[in-house]
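Visitor: What follows is start-v5.cif, made up of mmCIF, C-alpha atoms and all ligand atoms:
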```
data_data
#
loop_
_atom_site.label_atom_id
_atom_site.label_comp_id
_atom_site.auth_asym_id
_atom_site.auth_seq_id
_atom_site.Cartn_x
_atom_site.Cartn_y
_atom_site.Cartn_z
CA MET A 1 0.00 0.00 0.00
CA ALA A 2 1.36 3.46 -0.79
CA PRO A 3 2.07 5.62 2.27
CA GLY A 4 -0.58 8.08 1.15
CA ALA A 5 -3.21 5.38 0.88
CA GLY A 6 -3.96 4.70 4.51
CA GLY A 7 -1.29 2.42 6.07
CA LYS A 8 0.31 2.92 9.44
CA ILE A 9 3.03 5.56 9.80
CA ILE A 10 5.82 5.32 12.37
CA VAL A 11 7.26 8.57 13.71
CA ILE A 12 10.67 8.23 15.38
CA GLY A 13 11.30 10.93 17.98
CA GLY A 14 9.14 12.39 20.72
CA GLY A 15 10.30 16.01 20.65
CA LEU A 16 8.22 18.92 19.41
CA VAL A 17 8.69 18.00 15.76
CA GLY A 18 7.78 14.32 16.20
CA VAL A 19 4.69 14.98 18.28
CA CYS A 20 3.49 17.75 15.94
CA THR A 21 3.88 15.43 12.96
CA ALA A 22 2.03 12.67 14.85
CA TYR A 23 -0.71 15.14 15.84
CA TYR A 24 -1.34 16.36 12.29
CA LEU A 25 -1.12 12.87 10.77
CA SER A 26 -3.66 11.65 13.34
CA LYS A 27 -5.87 14.63 12.63
CA MET A 28 -5.79 13.66 8.95
CA GLY A 29 -7.07 10.23 9.90
CA ARG A 30 -3.83 8.27 9.76
CA GLN A 31 -2.84 5.52 12.13
CA VAL A 32 0.38 6.60 13.85
CA THR A 33 2.87 4.92 16.17
CA LEU A 34 5.38 7.27 17.76
CA LEU A 35 8.63 5.80 19.12
CA GLU A 36 10.65 7.76 21.67
CA GLN A 37 13.84 6.24 23.03
CA ARG A 38 13.48 8.02 26.41
CA GLY A 39 10.59 10.15 27.69
CA ILE A 40 8.52 12.61 25.63
CA ALA A 41 10.41 15.95 25.42
CA SER A 42 13.57 14.47 26.93
CA GLY A 43 15.70 15.74 24.02
CA ALA A 44 16.27 19.37 23.01
CA SER A 45 12.54 20.10 23.16
CA GLY A 46 12.55 19.74 26.94
CA ARG A 47 15.81 21.60 27.39
CA ASN A 48 15.41 24.82 25.48
CA GLY A 49 14.54 28.41 26.23
CA GLY A 50 11.28 28.34 24.30
CA MET A 51 12.18 31.44 22.32
CA ILE A 52 9.78 31.95 19.43
CA MET A 53 11.45 34.48 17.20
CA LYS A 54 10.81 35.35 13.59
CA ILE A 55 14.26 36.85 13.31
CA ASP A 56 17.01 34.30 13.39
CA GLY A 57 20.70 34.67 12.77
CA ARG A 58 22.35 37.44 10.85
CA ASP A 59 22.33 36.28 7.27
CA THR A 60 23.01 39.21 4.98
CA ASP A 61 21.75 37.40 1.90
CA PRO A 62 18.12 38.48 1.34
CA SER A 63 17.29 35.12 -0.20
CA GLU A 64 18.09 33.42 3.13
CA ILE A 65 15.69 35.72 4.93
CA ILE A 66 12.98 35.10 2.35
CA LYS A 67 13.41 31.32 2.65
CA ARG A 68 12.59 31.24 6.37
CA TRP A 69 9.83 33.79 6.49
CA PRO A 70 6.76 31.88 5.17
CA TYR A 71 7.39 29.02 7.61
CA VAL A 72 8.04 31.02 10.77
CA ARG A 73 5.13 33.33 10.04
CA GLU A 74 2.76 30.38 9.53
CA ASN A 75 4.17 28.67 12.64
CA ASP A 76 3.12 31.68 14.68
CA ARG A 77 -0.36 31.67 13.16
CA LEU A 78 -0.78 27.96 13.88
CA LEU A 79 0.43 28.40 17.45
CA ASN A 80 -2.23 31.04 18.05
CA GLY A 81 -4.84 28.63 16.64
CA LEU A 82 -3.65 25.82 18.93
CA VAL A 83 -4.00 28.10 21.95
CA GLU A 84 -7.72 28.42 21.08
CA GLU A 85 -8.17 24.76 20.14
CA PHE A 86 -6.48 23.37 23.27
CA ASP A 87 -7.61 26.13 25.60
CA ASP A 88 -4.00 26.28 26.82
CA ASP A 89 -1.63 29.15 26.16
CA PHE A 90 1.49 26.93 26.59
CA GLY A 91 2.97 29.72 28.70
CA ILE A 92 3.35 31.95 25.66
CA MET A 93 4.47 35.45 26.55
CA ARG A 94 4.73 37.81 23.64
CA ARG A 95 6.84 40.50 25.25
CA GLY A 96 9.01 41.07 22.18
CA SER A 97 12.45 39.88 21.14
CA LEU A 98 15.77 41.63 20.72
CA ASP A 99 18.96 40.96 18.83
CA ILE A 100 21.47 43.15 20.62
CA ALA A 101 24.38 45.15 19.15
CA PHE A 102 27.53 45.78 21.22
CA THR A 103 29.77 47.34 18.58
CA ASP A 104 29.37 50.02 15.94
CA GLY A 105 29.82 47.31 13.32
CA GLU A 106 26.88 45.38 14.75
CA VAL A 107 24.79 48.55 14.90
CA ASP A 108 25.31 49.06 11.16
CA LEU A 109 24.64 45.38 10.43
CA LEU A 110 21.43 45.19 12.47
CA ARG A 111 20.13 48.44 10.98
CA ARG A 112 20.78 47.01 7.51
CA LEU A 113 19.17 43.66 8.36
CA THR A 114 16.09 45.36 9.81
CA LYS A 115 15.62 47.34 6.62
CA MET A 116 16.21 44.25 4.51
CA GLN A 117 13.66 42.19 6.44
CA ARG A 118 11.03 44.91 6.08
CA GLN A 119 11.67 45.21 2.35
CA GLU A 120 12.05 41.55 1.46
CA THR A 121 9.29 40.02 3.58
CA GLY A 122 6.90 42.87 4.22
CA ASP A 123 7.50 42.39 7.95
CA ASP A 124 6.24 45.77 9.11
CA GLU A 125 6.70 44.97 12.79
CA ILE A 126 10.46 44.66 12.93
CA GLN A 127 12.33 47.81 13.91
CA TYR A 128 15.77 48.99 14.92
CA LEU A 129 16.07 50.61 18.36
CA ASP A 130 19.00 52.86 19.20
CA GLY A 131 20.53 52.72 22.71
CA ARG A 132 18.17 55.31 24.18
CA ASP A 133 15.01 53.65 22.82
CA LEU A 134 16.31 50.27 23.93
CA ARG A 135 16.79 51.43 27.53
CA GLU A 136 13.43 53.12 27.52
CA LEU A 137 11.89 49.79 26.59
CA SER A 138 14.10 47.69 28.85
CA PRO A 139 15.51 50.00 31.55
CA LEU A 140 17.72 47.35 33.24
CA ILE A 141 19.81 46.74 30.16
CA ASP A 142 23.45 47.85 30.39
CA LYS A 143 24.79 50.85 28.50
CA LYS A 144 27.22 48.68 26.58
CA CYS A 145 24.20 47.57 24.54
CA LEU A 146 24.26 50.11 21.73
CA GLY A 147 21.01 49.14 20.03
CA ALA A 148 18.91 46.19 18.93
CA ARG A 149 16.70 44.66 16.31
CA TYR A 150 13.27 44.40 17.90
CA ARG A 151 10.06 42.48 17.10
CA PRO A 152 7.24 43.27 19.54
CA SER A 153 5.11 40.13 18.97
CA ASP A 154 7.93 37.59 19.36
CA GLY A 155 8.51 36.03 22.75
CA CYS A 156 8.78 32.67 24.43
CA LEU A 157 6.70 29.70 25.56
CA PHE A 158 7.01 26.75 27.92
CA PRO A 159 8.16 23.94 25.59
CA PHE A 160 7.12 21.05 27.92
CA ARG A 161 3.55 22.25 27.95
CA LEU A 162 3.36 22.55 24.19
CA VAL A 163 5.04 19.20 23.48
CA ASN A 164 2.99 17.30 26.04
CA ALA A 165 -0.27 18.92 24.93
CA MET A 166 0.38 17.98 21.29
CA CYS A 167 1.31 14.46 22.35
CA ARG A 168 -1.82 14.02 24.50
CA LYS A 169 -4.06 15.25 21.67
CA ALA A 170 -2.37 12.92 19.17
CA ALA A 171 -2.99 10.03 21.59
CA GLU A 172 -6.64 11.08 22.04
CA MET A 173 -7.02 10.88 18.27
CA GLY A 174 -5.66 7.33 18.31
CA ALA A 175 -1.88 7.68 17.98
CA GLU A 176 0.03 4.98 19.81
CA ILE A 177 2.79 6.60 21.89
CA LEU A 178 5.61 4.22 22.78
CA SER A 179 8.10 6.00 25.01
CA TRP A 180 11.28 4.24 26.15
CA THR A 181 11.21 2.44 22.80
CA LYS A 182 14.14 3.04 20.50
CA GLY A 183 13.77 2.78 16.75
CA GLU A 184 16.98 0.84 16.22
CA GLU A 185 16.86 0.34 12.47
CA ILE A 186 14.60 1.19 9.58
CA LEU A 187 13.95 -1.86 7.44
CA PHE A 188 13.68 -1.79 3.65
CA SER A 189 12.86 -4.23 0.90
CA ASN A 190 13.34 -3.36 -2.78
CA GLY A 191 13.86 0.30 -1.94
CA ARG A 192 10.65 0.52 0.12
CA VAL A 193 10.24 0.95 3.84
CA THR A 194 8.82 -2.21 5.39
CA GLY A 195 9.24 -1.71 9.12
CA VAL A 196 11.21 -0.52 12.12
CA ARG A 197 13.21 -2.73 14.42
CA THR A 198 12.82 -1.90 18.13
CA PRO A 199 14.50 -3.77 21.02
CA GLY A 200 11.41 -5.94 21.49
CA GLU A 201 9.89 -6.42 18.04
CA ILE A 202 9.76 -5.46 14.41
CA ILE A 203 6.86 -3.12 13.69
CA ASP A 204 5.61 -3.36 10.11
CA THR A 205 4.90 -0.12 8.32
CA GLU A 206 4.94 1.47 4.87
CA ALA A 207 6.15 4.86 6.01
CA VAL A 208 8.57 6.23 8.58
CA VAL A 209 9.15 9.82 9.64
CA VAL A 210 12.56 10.37 11.23
CA ALA A 211 12.11 13.22 13.71
CA ALA A 212 15.16 12.35 15.79
CA ASN A 213 16.93 15.70 15.23
CA ALA A 214 20.46 15.44 16.70
CA TRP A 215 20.30 11.64 16.49
CA SER A 216 18.98 11.53 12.90
CA SER A 217 22.25 10.59 11.25
CA CYS A 218 22.24 7.31 13.24
CA LEU A 219 19.15 6.35 11.20
CA VAL A 220 19.67 8.29 7.96
CA PRO A 221 23.43 8.87 7.64
CA GLU A 222 23.22 10.23 4.09
CA ILE A 223 21.55 13.46 5.22
CA PRO A 224 24.18 15.78 6.74
CA ILE A 225 22.81 16.67 10.16
CA VAL A 226 25.36 17.07 12.93
CA PRO A 227 24.70 17.11 16.67
CA LEU A 228 25.43 20.38 18.44
CA ARG A 229 25.56 20.71 22.21
CA SER A 230 24.15 23.76 23.93
CA LEU A 231 23.88 24.78 27.60
CA ALA A 232 21.24 26.36 29.77
CA VAL A 233 21.26 27.96 33.22
CA LEU A 234 18.14 28.92 35.15
CA THR A 235 17.96 31.56 37.88
CA GLU A 236 15.61 31.89 40.81
CA PRO A 237 12.45 33.88 39.90
CA VAL A 238 12.73 37.66 39.63
CA PRO A 239 10.04 40.24 38.80
CA PRO A 240 9.31 40.56 35.06
CA VAL A 241 12.18 42.13 33.12
CA PRO A 242 10.79 43.84 30.02
CA VAL A 243 11.83 42.17 26.74
CA MET A 244 13.91 39.41 28.26
CA THR A 245 13.79 37.29 25.11
CA PHE A 246 16.92 38.12 23.22
CA GLU A 247 19.85 36.87 21.23
CA ALA A 248 23.30 38.39 21.45
CA GLU A 249 26.69 37.73 20.00
CA LEU A 250 29.24 38.36 22.73
CA LYS A 251 33.03 38.49 22.79
CA GLY A 252 33.19 38.39 19.03
CA LYS A 253 31.94 34.87 18.62
CA ILE A 254 29.55 33.57 21.23
CA ILE A 255 25.83 33.34 20.59
CA TYR A 256 23.59 33.61 23.62
CA GLY A 257 19.84 33.38 23.91
CA CYS A 258 17.89 34.44 26.95
CA THR A 259 14.28 34.24 28.08
CA GLN A 260 12.25 34.73 31.24
CA THR A 261 9.72 32.07 32.21
CA GLU A 262 6.14 32.72 33.32
CA ARG A 263 7.26 32.26 36.93
CA GLY A 264 10.07 34.78 36.51
CA ASN A 265 13.12 32.51 36.22
CA ILE A 266 15.67 33.79 33.74
CA LEU A 267 16.91 31.09 31.38
CA VAL A 268 20.21 31.73 29.63
CA GLY A 269 21.25 29.49 26.76
CA GLY A 270 24.77 29.47 25.47
CA PRO A 271 27.57 27.51 23.90
CA PRO A 272 29.87 25.12 25.73
CA GLU A 273 33.23 26.28 27.02
CA LYS A 274 35.27 24.25 24.55
CA PRO A 275 34.73 22.69 21.13
CA ALA A 276 34.01 18.96 21.36
CA ALA A 277 34.11 15.86 19.18
CA ARG A 278 30.86 14.65 17.62
CA ASP A 279 30.13 11.95 20.23
CA SER A 280 30.72 14.40 23.09
CA GLN A 281 28.08 16.73 21.64
CA PHE A 282 25.54 14.41 23.31
CA ASP A 283 26.95 15.07 26.80
CA GLU A 284 24.05 16.38 28.89
CA GLY A 285 26.16 17.16 31.96
CA VAL A 286 27.54 20.66 32.66
CA SER A 287 30.87 21.53 34.29
CA LEU A 288 31.13 24.23 36.96
CA GLU A 289 33.24 26.33 34.61
CA GLU A 290 30.63 26.06 31.85
CA MET A 291 27.95 27.14 34.31
CA ARG A 292 30.07 30.07 35.50
CA VAL A 293 30.79 31.32 31.97
CA ASN A 294 27.25 30.82 30.80
CA SER A 295 25.66 32.62 33.74
CA SER A 296 28.09 35.56 33.49
CA ILE A 297 25.94 37.04 30.73
CA ILE A 298 23.32 38.06 33.32
CA PRO A 299 25.40 40.58 35.33
CA GLU A 300 27.15 41.62 32.15
CA LEU A 301 23.93 42.70 30.46
CA PHE A 302 21.80 43.38 33.55
CA PRO A 303 24.13 44.67 36.32
CA GLN A 304 21.22 45.06 38.74
CA LEU A 305 20.61 41.31 38.57
CA ARG A 306 24.18 40.41 39.59
CA ASN A 307 23.12 38.80 42.88
CA VAL A 308 20.45 36.55 41.42
CA ASN A 309 21.05 32.87 42.24
CA ILE A 310 21.40 30.13 39.68
CA ILE A 311 19.17 27.19 40.65
CA ARG A 312 19.63 24.72 37.77
CA THR A 313 21.81 24.01 34.79
CA TRP A 314 21.69 21.41 32.02
CA ALA A 315 22.83 20.71 28.49
CA GLY A 316 20.99 19.49 25.42
CA THR A 317 21.76 18.59 21.85
CA MET A 318 20.18 19.93 18.72
CA GLY A 319 20.65 19.05 15.06
CA ALA A 320 22.50 21.44 12.76
CA THR A 321 22.43 21.44 8.96
CA PRO A 322 24.87 23.08 6.53
CA ASP A 323 22.48 25.93 5.69
CA GLY A 324 20.81 26.29 9.08
CA LEU A 325 17.42 25.17 7.73
CA PRO A 326 15.74 21.92 8.77
CA CYS A 327 15.38 18.94 6.43
CA VAL A 328 11.70 18.20 5.87
CA GLY A 329 10.28 15.88 3.24
CA ALA A 330 10.87 12.58 1.47
CA VAL A 331 14.37 11.10 1.65
CA GLY A 332 15.95 10.38 -1.73
CA LYS A 333 15.78 6.97 -3.12
CA TYR A 334 13.54 5.22 -0.62
CA ASP A 335 9.79 4.87 -0.89
CA GLY A 336 8.09 5.70 2.37
CA LEU A 337 11.05 7.34 4.14
CA TYR A 338 10.49 10.89 5.37
CA MET A 339 12.40 13.17 7.63
CA ALA A 340 11.78 16.27 9.74
CA ALA A 341 15.08 16.99 11.45
CA GLY A 342 18.00 19.39 11.65
CA TYR A 343 16.35 22.03 13.83
CA SER A 344 18.55 24.46 15.70
CA ASN A 345 15.61 26.70 16.60
CA GLY A 346 12.72 24.32 16.38
CA MET A 347 10.27 26.26 18.54
CA SER A 348 9.72 28.65 15.63
CA TRP A 349 9.39 25.81 13.10
CA GLY A 350 8.11 22.63 14.76
CA VAL A 351 4.37 23.12 14.48
CA VAL A 352 4.30 24.29 10.89
CA THR A 353 6.76 21.74 9.54
CA GLY A 354 4.95 18.91 11.36
CA LYS A 355 1.75 20.00 9.63
CA LEU A 356 3.33 20.47 6.21
CA LEU A 357 5.03 17.09 6.33
CA ALA A 358 1.75 15.42 7.31
CA GLU A 359 0.10 17.12 4.31
CA ARG A 360 2.96 16.03 2.06
CA ILE A 361 2.61 12.39 3.18
CA VAL A 362 -1.16 12.16 3.11
CA GLU A 363 -2.13 14.55 0.33
CA LYS A 364 1.15 14.44 -1.66
CA GLU A 365 1.37 18.23 -1.57
CA SER A 366 1.81 20.66 1.27
CA SER A 367 0.00 23.99 1.62
CA ILE A 368 3.40 25.74 1.71
CA PRO A 369 5.90 24.09 -0.64
CA LEU A 370 8.66 22.20 1.13
CA ASN A 371 11.24 22.51 -1.70
CA THR A 372 13.46 24.87 0.31
CA LEU A 373 13.67 22.28 3.07
CA ASP A 374 14.15 19.24 0.80
CA PRO A 375 16.36 16.79 2.77
CA ASN A 376 18.15 15.87 -0.49
CA ARG A 377 19.38 19.40 -1.20
CA PHE A 378 22.95 18.57 -0.09
CA GLU A 379 23.13 15.41 -2.17
CA LYS A 380 26.06 16.41 -4.36
CA MET A 381 28.03 18.14 -1.62
CA VAL A 382 30.83 16.69 0.44
CA PHE A 383 31.33 17.88 4.01
CA ASN A 384 34.57 17.26 5.85
CA TRP A 385 33.18 18.30 9.21
CA PRO A 386 35.70 19.63 11.74
CA GLU A 387 36.75 16.90 14.19
CA THR A 388 35.98 19.05 17.19
CA TYR A 389 33.53 21.89 16.93
CA ASP A 390 31.10 24.29 18.53
CA TYR A 391 28.55 26.65 16.98
CA THR A 392 31.17 29.22 15.97
CA ILE A 393 33.53 26.68 14.41
CA LEU A 394 30.65 25.11 12.46
CA ALA A 395 29.48 28.51 11.23
CA ASP A 396 33.03 29.42 10.13
CA TYR A 397 33.45 26.08 8.37
CA LEU A 398 30.16 26.50 6.52
CA GLY A 399 30.79 30.18 5.77
CA ARG A 400 27.56 31.13 7.49
CA ALA A 401 26.76 34.21 9.55
CA GLY A 402 25.75 33.56 13.18
C1 LIG A 501 19.98 24.61 25.67
C2 LIG A 501 19.14 24.77 24.43
C3 LIG A 501 18.43 25.96 24.25
C4 LIG A 501 17.63 26.12 23.10
N1 LIG A 501 16.85 27.23 23.00
C5 LIG A 501 15.98 27.33 21.98
C6 LIG A 501 15.05 28.40 21.93
O1 LIG A 501 14.97 29.23 22.84
N2 LIG A 501 14.22 28.47 20.85
C7 LIG A 501 14.24 27.53 19.84
O2 LIG A 501 13.49 27.66 18.87
N3 LIG A 501 15.08 26.50 19.89
C8 LIG A 501 15.93 26.37 20.94
N4 LIG A 501 16.76 25.27 21.01
C9 LIG A 501 16.69 24.28 19.92
C10 LIG A 501 15.41 23.45 20.07
O3 LIG A 501 15.37 22.87 21.35
C11 LIG A 501 15.37 22.37 19.01
O4 LIG A 501 15.51 22.95 17.73
C12 LIG A 501 14.04 21.60 19.04
O5 LIG A 501 13.73 21.18 20.33
C13 LIG A 501 14.10 20.42 18.08
O6 LIG A 501 12.98 19.61 18.29
P1 LIG A 501 13.00 18.11 17.75
O7 LIG A 501 11.70 17.51 18.07
O8 LIG A 501 13.43 18.14 16.33
O9 LIG A 501 14.21 17.44 18.54
P2 LIG A 501 14.27 16.79 20.00
O10 LIG A 501 13.43 17.52 20.96
O11 LIG A 501 15.70 16.60 20.33
O12 LIG A 501 13.57 15.39 19.76
C14 LIG A 501 14.19 14.31 19.14
C15 LIG A 501 13.80 13.10 19.95
O13 LIG A 501 14.14 11.92 19.23
C16 LIG A 501 14.48 10.93 20.18
N5 LIG A 501 15.22 9.89 19.47
C17 LIG A 501 16.44 10.00 18.89
N6 LIG A 501 16.78 8.85 18.29
C18 LIG A 501 15.76 8.00 18.49
C19 LIG A 501 15.53 6.64 18.11
N7 LIG A 501 16.42 5.97 17.39
N8 LIG A 501 14.37 6.06 18.50
C20 LIG A 501 13.46 6.74 19.23
N9 LIG A 501 13.63 8.01 19.62
C21 LIG A 501 14.76 8.65 19.24
C22 LIG A 501 15.27 11.69 21.20
O14 LIG A 501 15.32 11.00 22.44
C23 LIG A 501 14.52 13.01 21.28
O15 LIG A 501 13.56 13.00 22.32
C24 LIG A 501 17.58 25.09 22.12
C25 LIG A 501 18.29 23.91 22.31
C26 LIG A 501 19.05 23.73 23.45
C27 LIG A 501 19.78 22.43 23.64
#
```
Rewrite the structure from the file as C-alpha cells, please.
Guide:
Amino acid sequence: MAPGAGGKIIVIGGGLVGVCTAYYLSKMGRQVTLLEQRGIASGASGRNGGMIMKIDGRDTDPSEIIKRWPYVRENDRLLNGLVEEFDDDFGIMRRGSLDIAFTDGEVDLLRRLTKMQRQETGDDEIQYLDGRDLRELSPLIDKKCLGARYRPSDGCLFPFRLVNAMCRKAAEMGAEILSWTKGEEILFSNGRVTGVRTPGEIIDTEAVVVAANAWSSCLVPEIPIVPLRSLAVLTEPVPPVPVMTFEAELKGKIIYGCTQTERGNILVGGPPEKPAARDSQFDEGVSLEEMRVNSSIIPELFPQLRNVNIIRTWAGTMGATPDGLPCVGAVGKYDGLYMAAGYSNGMSWGVVTGKLLAERIVEKESSIPLNTLDPNRFEKMVFNWPETYDYTILADYLGRAG
C-alpha cells in the first residue's frame, strides 16, 4: 500500500517535531505509532529556552531571509490557533524579542538587516532601536548595549507544555505513543520501507518519519545533520524584566539566547566552554566552569541582577544542517522514508513543519511548498566536518553568519 493510501506511519522521535507530525497525521485520519527512546520531550525540546522568534541569525543574503519567512510566520499563526483549540496558552508570553548590538559594526549590520527584512518580507513589525530607545523599553539593560533589532510580537513559551499537549491530543485521536522504545533500524525491501526494528519487536509499516533531530544521522546517515551541544542555566524567579527574550553575539563569537519564564526565572542558553568531538556533543552534563561562563551574561547585560542565584543548569543537543534550515520531506531513493530533522531553533518551526510534512505524506502536496527544506538538497556536496567543533567553528566552516 502506498504511504498516502492509509497504512500505518511510524514517527521516530518524541520532541516537538515528532509529536506535531504525529498530531497532524492523526488529525488527517492516519494511524500513527510514535517511538521515543526516552521520555517525551527528553531531548532538546525539553531543554530549550522556548524562544519563538521570527528573526534568526544574521544572514546578509536576502534570499536566506525570504526562505525562512513563510514558515516562521505560519508557525506563529498555527500556534495562536492551537492556543484556542487546546484552551492552553502553553505559557506563551509575547513580550518582544531583541537581537542586541555591542559594537558600531553590529549597529550598522542590524540596521541594515532590519531594513532588509522589512523590504524583502513585508515584515512591518520589525524595527531597529537605538541605545536610548532600547533602555526606555528595557531599563535594566546595560549601556554597553548600543542598540537592537526588535520584534514586539515575538517572545517565548514553555516547551514542555506545548510538546505534552500535542502528544496528548495525538494520543486522544488514536496515535500509539511508545516512550522508552528506541527505533533501532529502519527496514527496507526493494527500496521501500517495510518496518522498524525496536528492542522488542519489528513493527511493520509502509512509512517512517525520522524526527530524531540530533540523532537523525544514526538512522539516515546520508543526510548531513550534525549534533550540536548547547547549555542552559536557570535563575531563581525575579520580577518581570521587560523584553527578556533576546539573542546576542558576545566576545566576538559567542551566541547567547535568553528568556524569562512565566514564573520569573531567567533562562540563559549558550555555547559550551570548549569545542568537542561529535560523540561528546551528546553530553548532557555541565561543568562548573561552563555554568560560571554561561551565567556571566546576566550581570554583564543586567548589572542590577548580579546577585540573582542560579538554581539549575543542564545541556541538550540539537541538530545542525549546513544551511541552518531543517530537512523536511521525502528522503531520496527510498519509498516511504520521510524526515523532519536538523532544527537548531525548532520552537519557531516545529508546528508548521509537522503540519506540512503530514500534508505532504497524506495529500502528496503541502500547503506551503517544502522545496526549500528538501532533505536531499545537499546530495552532491561533500562535508569534511571539523573533528571538534562548537557553533562558531561550524558557522566558520560553513561560511555562514551567526
Ligand atoms: C539549551 C538549548 C536551548 C535552546 N533554546 C531554543 C530556543 O529558545 N528556541 C528555539 O526555537 N530552539 C531552541 N533550542 C533548539 C530546540 O530545542 C530544538 O531545535 C528543538 O527542540 C528540536 O525539536 P525536535 O523535536 O526536532 O528534537 P528533540 O526535541 O531533540 O527530539 C528528538 C527526539 O528523538 C528521540 N530519538 C532519537 N533517536 C531515536 C531513536 N532511534 N528512537 C526513538 N527516539 C529517538 C530523542 O530521544 C529526542 O527526544 C535550544 C536547544 C538547546 C539544547
Visitor: For region 92-98 of chain A, list every protein, DNA or RNA residue within 9 Å, evaluated using all atoms listed in the file, and leave out those in the same chain fewer than 6 positions away; present the list as a JSON list (two decimals) with C-alpha atoms, in the coordinates of the input.
Guide:
```json
[["chain", "number", "residue", "atom", "x", "y", "z"],
["A", 50, "GLY", "CA", 11.28, 28.34, 24.30],
["A", 51, "MET", "CA", 12.18, 31.44, 22.32],
["A", 52, "ILE", "CA", 9.78, 31.95, 19.43],
["A", 53, "MET", "CA", 11.45, 34.48, 17.20],
["A", 54, "LYS", "CA", 10.81, 35.35, 13.59],
["A", 55, "ILE", "CA", 14.26, 36.85, 13.31],
["A", 148, "ALA", "CA", 18.91, 46.19, 18.93],
["A", 149, "ARG", "CA", 16.70, 44.66, 16.31],
["A", 150, "TYR", "CA", 13.27, 44.40, 17.90],
["A", 151, "ARG", "CA", 10.06, 42.48, 17.10],
["A", 152, "PRO", "CA", 7.24, 43.27, 19.54],
["A", 153, "SER", "CA", 5.11, 40.13, 18.97],
["A", 154, "ASP", "CA", 7.93, 37.59, 19.36],
["A", 155, "GLY", "CA", 8.51, 36.03, 22.75],
["A", 156, "CYS", "CA", 8.78, 32.67, 24.43],
["A", 157, "LEU", "CA", 6.70, 29.70, 25.56],
["A", 158, "PHE", "CA", 7.01, 26.75, 27.92],
["A", 242, "PRO", "CA", 10.79, 43.84, 30.02],
["A", 243, "VAL", "CA", 11.83, 42.17, 26.74],
["A", 244, "MET", "CA", 13.91, 39.41, 28.26],
["A", 245, "THR", "CA", 13.79, 37.29, 25.11],
["A", 246, "PHE", "CA", 16.92, 38.12, 23.22],
["A", 247, "GLU", "CA", 19.85, 36.87, 21.23],
["A", 248, "ALA", "CA", 23.30, 38.39, 21.45],
["A", 261, "THR", "CA", 9.72, 32.07, 32.21],
["A", 262, "GLU", "CA", 6.14, 32.72, 33.32]]
```
Visitor: Per residue of region 171-265 of chain A within 12 Å of region 161-167 of chain A, which atom pair is closest and at what distance in Å (one decimal), using all atoms listed in the file, listed by chain and increasing number, as a Markdown table?
Guide:
```
| residue | atom | partner | partner_atom | distance |
| --- | --- | --- | --- | --- |
| A:Ala171 | CA | A:Cys167 | CA | 6.2 |
| A:Glu172 | CA | A:Cys167 | CA | 8.6 |
| A:Met173 | CA | A:Cys167 | CA | 9.9 |
| A:Gly174 | CA | A:Cys167 | CA | 10.8 |
| A:Ala175 | CA | A:Cys167 | CA | 8.7 |
| A:Glu176 | CA | A:Cys167 | CA | 9.9 |
| A:Ile177 | CA | A:Cys167 | CA | 8.0 |
| A:Leu178 | CA | A:Cys167 | CA | 11.1 |
| A:Ser179 | CA | A:Cys167 | CA | 11.2 |
```
Visitor: Can you tell me which residues sit at most 6 Å away from ligand LIG 501 (chain A), counting all atoms listed in the file, written as a PyMOL selection string?
Guide: chain A and resi 12-18+35-38+41-45+47-52+182-184+211-213+215+230-232+269+315-318+341+343-348
Visitor: One number please: CA of Arg278 (chain A) to CA of Val382 (chain A), in Å, one decimal.
Guide: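 Rounded to one decimal, the two atoms are 17.3 Å apart.
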Visitor: So which residues touch Tyr334 (chain A) within 8 Å, counting only C-alpha atoms, skipping near sequence neighbours fewer than 3 positions away, as a list in words?
Guide: Gly191, Arg192, Val193, Val331 and Leu337 of chain A
Visitor: Just the residues within 8 Å of Leu398 (chain A), please, counting all atoms listed in the file, with nothing from its chain fewer than 3 positions along; format it as a PDB file with C-alpha atoms, in the coordinates of the input.
Guide:
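out-v4.pdb written:
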```
ATOM      1  CA  PRO A 322      24.870  23.080   6.530  1.00  0.00           C
ATOM      2  CA  ASP A 323      22.480  25.930   5.690  1.00  0.00           C
ATOM      3  CA  LEU A 394      30.650  25.110  12.460  1.00  0.00           C
ATOM      4  CA  ALA A 395      29.480  28.510  11.230  1.00  0.00           C
TER       5      ALA A 395
END
```
Visitor: Measure the distance from CA of Leu134 (chain A) to CA of Pro159 (chain A) in Å and round it to one decimal.
Guide: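 We find that CA of Leu134 (chain A) and CA of Pro159 (chain A) lie 27.6 Å from each other.
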Visitor: As an exercise, work out the distance from CA of Ile66 (chain A) to CA of Met116 (chain A) in Å and give it to one decimal place.
Guide: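 Going from CA of Ile66 (chain A) over to CA of Met116 (chain A), I get 9.9 Å.
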Visitor: With only C-alpha atoms as the basis for distance, which of A:Ile361, A:Leu228, A:Leu82, A:Val233 is at the shortest distance from Pro275 (chain A)?
Guide: A:Leu228
Visitor: Can you pull out every residue within 9 Å of Ile141 (chain A), counting only C-alpha atoms, but drop anything in the same chain fewer than 6 positions away, and send it as a list of chain:residue names?
Guide: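 Once the nearby chain positions are removed, what remains is A:Leu134, A:Arg135, A:Leu301, A:Phe302, A:Pro303, A:Gln304.
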Visitor: Any idea what's packed within 6 Å of Val11 (chain A), counting all atoms listed in the file, ignoring anything in its chain fewer than 3 positions away? Could you give it as a list in words?
Guide: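 Residues meeting the cut-off are Leu34, Val208 and Val209 of chain A.
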Visitor: Which residue, A:Thr198, A:Ser295, A:Thr121, A:Thr181, has the smallest gap to Asn307 (chain A) when you use only C-alpha atoms?
Guide: A:Ser295
Visitor: Please determine, counting all atoms listed in the file, which residue among A:Gly329, A:Gly39, A:Gly81, A:Pro369 has the shortest atom-to-atom distance to Val210 (chain A).
Guide: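 Nearest candidate to Val210 (chain A) out of A:Gly329, A:Gly39, A:Gly81, A:Pro369: A:Gly329.
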Visitor: Taking (9.9, 33.1, 8.6) in the coordinates of the supplied file, I want to know which residues reach to within 10 Å of it, counting all atoms listed in the file; could you give the answer as a list in words?
Guide: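 The residues that fall inside the cut-off are Met53, Lys54, Ile55, Asp56, Glu64, Ile65, Ile66, Lys67, Arg68, Trp69, Pro70, Tyr71, Val72, Arg73, Glu74, Asn75, Asp76, Thr121, Asp123, Ser348 and Trp349 of chain A.
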Visitor: For the point (2.7, 22.5, 8.3) in the file's frame, write as a ChimeraX atom specification all residues with an atom no more than 10 Å away, counting only C-alpha atoms.
Guide: /A:20-21,24,71,74-75,78,349-360,366-370
